[in-house]
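Asks: After the structure tokens below, expect a handful of questions from me.
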Amino acid sequence: MLNNIWSSFLLIGLLALTGCASTGGQMANSAADITRDSNAALQDLYSSNPEARHLAKRAKGILVFPGIVKAGFLVGAQYGSGGALFKNGRTAGYYNIIAGSYGLQAGVQSFSYALFFMDNASLNYLNRSEGWEVGVGPSIVVVDKGMAKSLTTTTAKSGVYAFIFGQKGLMAGLGLQGSKISRINPD
């Protein structure tokens, strides 16, 4: 009985996420679209958080997901199609992100997400993994505006820094535990 209830909640969450993806605008489907959308999202981050631009100058790579949708009611799901990895200002690969969660949560939200890889070891881990699970492997520091202002060349010592930006919608909480990032090969 309890398994049927959880299965129902999971199905509701996935259906809500599918509905959000179909009504939230066109998803990128070609390499050119993904590169363009990811670059535009990165420029939006830089304009709203200039400290991110300073961090980017030292980053070995930046993985940008311009459109992630999260929806749920007790059970939730999150999906982002078409993220681009930039190295030295050029596109070096394409990725998607997917996650599942459960707990006290309700709502629908979309946002953008950027991961700044500060050392070669962290970037190599992304490149060699068959699907990088956030929370396994290099440690990630989620940067808010207050922390970004205090980042300097001497204080920025973690392997990966994450910026969550451009949030729209209502969702009780925002977490990336359980997220999996996988390489894709768009048209």
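Chain identifiers are assigned as A, B, and so on, following the order in which chains appear in the structure tokens; residues are numbered from 1 within each chain, and ligands are numbered from 1 in order of appearance.
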Residues at most 12 Å from A:Asn127, counting only C-alpha atoms, excluding those fewer than 4 positions away in the same chain, as a VMD selection string?
Replies: chain A and resid 61 63 85 92 to 95 117 120 to 123 131 to 132 181 to 184
Asks: What does the distance between atom CA of A:Ala31 and atom CA of A:Ser81 come to in Å, to one decimal place?
Replies: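 For atom CA of A:Ala31 relative to atom CA of A:Ser81, the distance reads 11.5 Å.
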Asks: Out of stretch 34-78 of chain A, which residues get helix (DSSP H, G or I) from DSSP, as a VMD selection string?
Replies: chain A and resid 34 to 48 50 to 56
Asks: Output N, CA and C atoms for every residue in that selection, as a PDB file, in the first residue's frame.
Replies:
ATOM      1  N   ILE A  34      21.909  24.925 -28.224  1.00  0.00           N
ATOM      2  CA  ILE A  34      22.415  24.736 -26.863  1.00  0.00           C
ATOM      3  C   ILE A  34      23.542  25.721 -26.577  1.00  0.00           C
ATOM      4  N   THR A  35      24.463  25.867 -27.507  1.00  0.00           N
ATOM      5  CA  THR A  35      25.568  26.804 -27.324  1.00  0.00           C
ATOM      6  C   THR A  35      25.050  28.227 -27.164  1.00  0.00           C
ATOM      7  N   ARG A  36      24.133  28.630 -28.038  1.00  0.00           N
ATOM      8  CA  ARG A  36      23.582  29.987 -27.983  1.00  0.00           C
ATOM      9  C   ARG A  36      22.868  30.237 -26.668  1.00  0.00           C
ATOM     10  N   ASP A  37      21.982  29.314 -26.258  1.00  0.00           N
ATOM     11  CA  ASP A  37      21.206  29.493 -25.029  1.00  0.00           C
ATOM     12  C   ASP A  37      22.098  29.468 -23.787  1.00  0.00           C
ATOM     13  N   SER A  38      23.093  28.588 -23.784  1.00  0.00           N
ATOM     14  CA  SER A  38      23.999  28.504 -22.639  1.00  0.00           C
ATOM     15  C   SER A  38      24.858  29.757 -22.532  1.00  0.00           C
ATOM     16  N   ASN A  39      25.329  30.257 -23.654  1.00  0.00           N
ATOM     17  CA  ASN A  39      26.128  31.480 -23.639  1.00  0.00           C
ATOM     18  C   ASN A  39      25.289  32.674 -23.173  1.00  0.00           C
ATOM     19  N   ALA A  40      24.039  32.758 -23.630  1.00  0.00           N
ATOM     20  CA  ALA A  40      23.155  33.849 -23.197  1.00  0.00           C
ATOM     21  C   ALA A  40      22.901  33.771 -21.692  1.00  0.00           C
ATOM     22  N   ALA A  41      22.694  32.560 -21.164  1.00  0.00           N
ATOM     23  CA  ALA A  41      22.484  32.398 -19.723  1.00  0.00           C
ATOM     24  C   ALA A  41      23.726  32.814 -18.949  1.00  0.00           C
ATOM     25  N   LEU A  42      24.901  32.455 -19.454  1.00  0.00           N
ATOM     26  CA  LEU A  42      26.148  32.826 -18.787  1.00  0.00           C
ATOM     27  C   LEU A  42      26.319  34.344 -18.766  1.00  0.00           C
ATOM     28  N   GLN A  43      25.967  35.005 -19.856  1.00  0.00           N
ATOM     29  CA  GLN A  43      26.052  36.468 -19.896  1.00  0.00           C
ATOM     30  C   GLN A  43      25.065  37.094 -18.906  1.00  0.00           C
ATOM     31  N   ASP A  44      23.879  36.488 -18.753  1.00  0.00           N
ATOM     32  CA  ASP A  44      22.909  36.954 -17.750  1.00  0.00           C
ATOM     33  C   ASP A  44      23.490  36.828 -16.344  1.00  0.00           C
ATOM     34  N   LEU A  45      24.164  35.712 -16.076  1.00  0.00           N
ATOM     35  CA  LEU A  45      24.803  35.531 -14.770  1.00  0.00           C
ATOM     36  C   LEU A  45      25.850  36.612 -14.536  1.00  0.00           C
ATOM     37  N   TYR A  46      26.679  36.851 -15.527  1.00  0.00           N
ATOM     38  CA  TYR A  46      27.719  37.873 -15.388  1.00  0.00           C
ATOM     39  C   TYR A  46      27.131  39.255 -15.131  1.00  0.00           C
ATOM     40  N   SER A  47      26.017  39.575 -15.786  1.00  0.00           N
ATOM     41  CA  SER A  47      25.428  40.903 -15.600  1.00  0.00           C
ATOM     42  C   SER A  47      24.774  41.050 -14.220  1.00  0.00           C
ATOM     43  N   SER A  48      24.249  39.962 -13.677  1.00  0.00           N
ATOM     44  CA  SER A  48      23.608  40.050 -12.359  1.00  0.00           C
ATOM     45  C   SER A  48      24.587  39.769 -11.220  1.00  0.00           C
ATOM     46  N   PRO A  50      28.642  40.176 -11.087  1.00  0.00           N
ATOM     47  CA  PRO A  50      29.950  40.426 -11.705  1.00  0.00           C
ATOM     48  C   PRO A  50      31.083  39.573 -11.123  1.00  0.00           C
ATOM     49  N   GLU A  51      30.935  39.128  -9.886  1.00  0.00           N
ATOM     50  CA  GLU A  51      31.966  38.291  -9.279  1.00  0.00           C
ATOM     51  C   GLU A  51      32.115  36.967 -10.031  1.00  0.00           C
ATOM     52  N   ALA A  52      31.031  36.494 -10.647  1.00  0.00           N
ATOM     53  CA  ALA A  52      31.101  35.260 -11.435  1.00  0.00           C
ATOM     54  C   ALA A  52      32.050  35.435 -12.618  1.00  0.00           C
ATOM     55  N   ARG A  53      32.056  36.610 -13.217  1.00  0.00           N
ATOM     56  CA  ARG A  53      32.962  36.876 -14.341  1.00  0.00           C
ATOM     57  C   ARG A  53      34.424  36.795 -13.888  1.00  0.00           C
ATOM     58  N   HIS A  54      34.712  37.298 -12.687  1.00  0.00           N
ATOM     59  CA  HIS A  54      36.076  37.228 -12.158  1.00  0.00           C
ATOM     60  C   HIS A  54      36.483  35.775 -11.896  1.00  0.00           C
ATOM     61  N   LEU A  55      35.556  34.986 -11.379  1.00  0.00           N
ATOM     62  CA  LEU A  55      35.829  33.576 -11.135  1.00  0.00           C
ATOM     63  C   LEU A  55      36.057  32.838 -12.465  1.00  0.00           C
ATOM     64  N   ALA A  56      35.322  33.234 -13.488  1.00  0.00           N
ATOM     65  CA  ALA A  56      35.428  32.593 -14.806  1.00  0.00           C
ATOM     66  C   ALA A  56      36.822  32.748 -15.402  1.00  0.00           C
TER      67      ALA A  56
END
Asks: Report as a PyMOL selection string all protein, DNA and RNA residues lying within 9 Å of A:Ile68, evaluated on only C-alpha atoms, omitting residues in the same chain fewer than 5 positions from it.
Replies: chain A and resi 21+78-81+97-98+109-113
Asks: Please measure the separation of atom CA of A:Ser30 and atom CA of A:Gly100, giving the value in Å to one decimal.
Replies: 25.6 Å
Asks: Ranking A:Asp187, A:Val141, A:Ala77, A:Val160 by minimum distance to A:Gln105 and counting only C-alpha atoms, which one comes first?
Replies: A:Ala77
Asks: Which residue is closest to A:Gly82? Choose from A:Tyr125, A:Pro186, A:Lys57, A:Val108 and count only C-alpha atoms.
Replies: A:Pro186
Asks: Any idea what the distance is between atom CA of A:Met118 and atom CA of A:Ile62?
Replies: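 Between atom CA of A:Met118 and atom CA of A:Ile62 the gap works out to 8.8 Å.
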Asks: Between A:Tyr161, A:Ala32, A:Val142, A:Ala71, which one has atoms that come closest to A:Tyr102, using only C-alpha atoms?
Replies: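 For A:Tyr102, the nearest of the candidates is A:Ala71.
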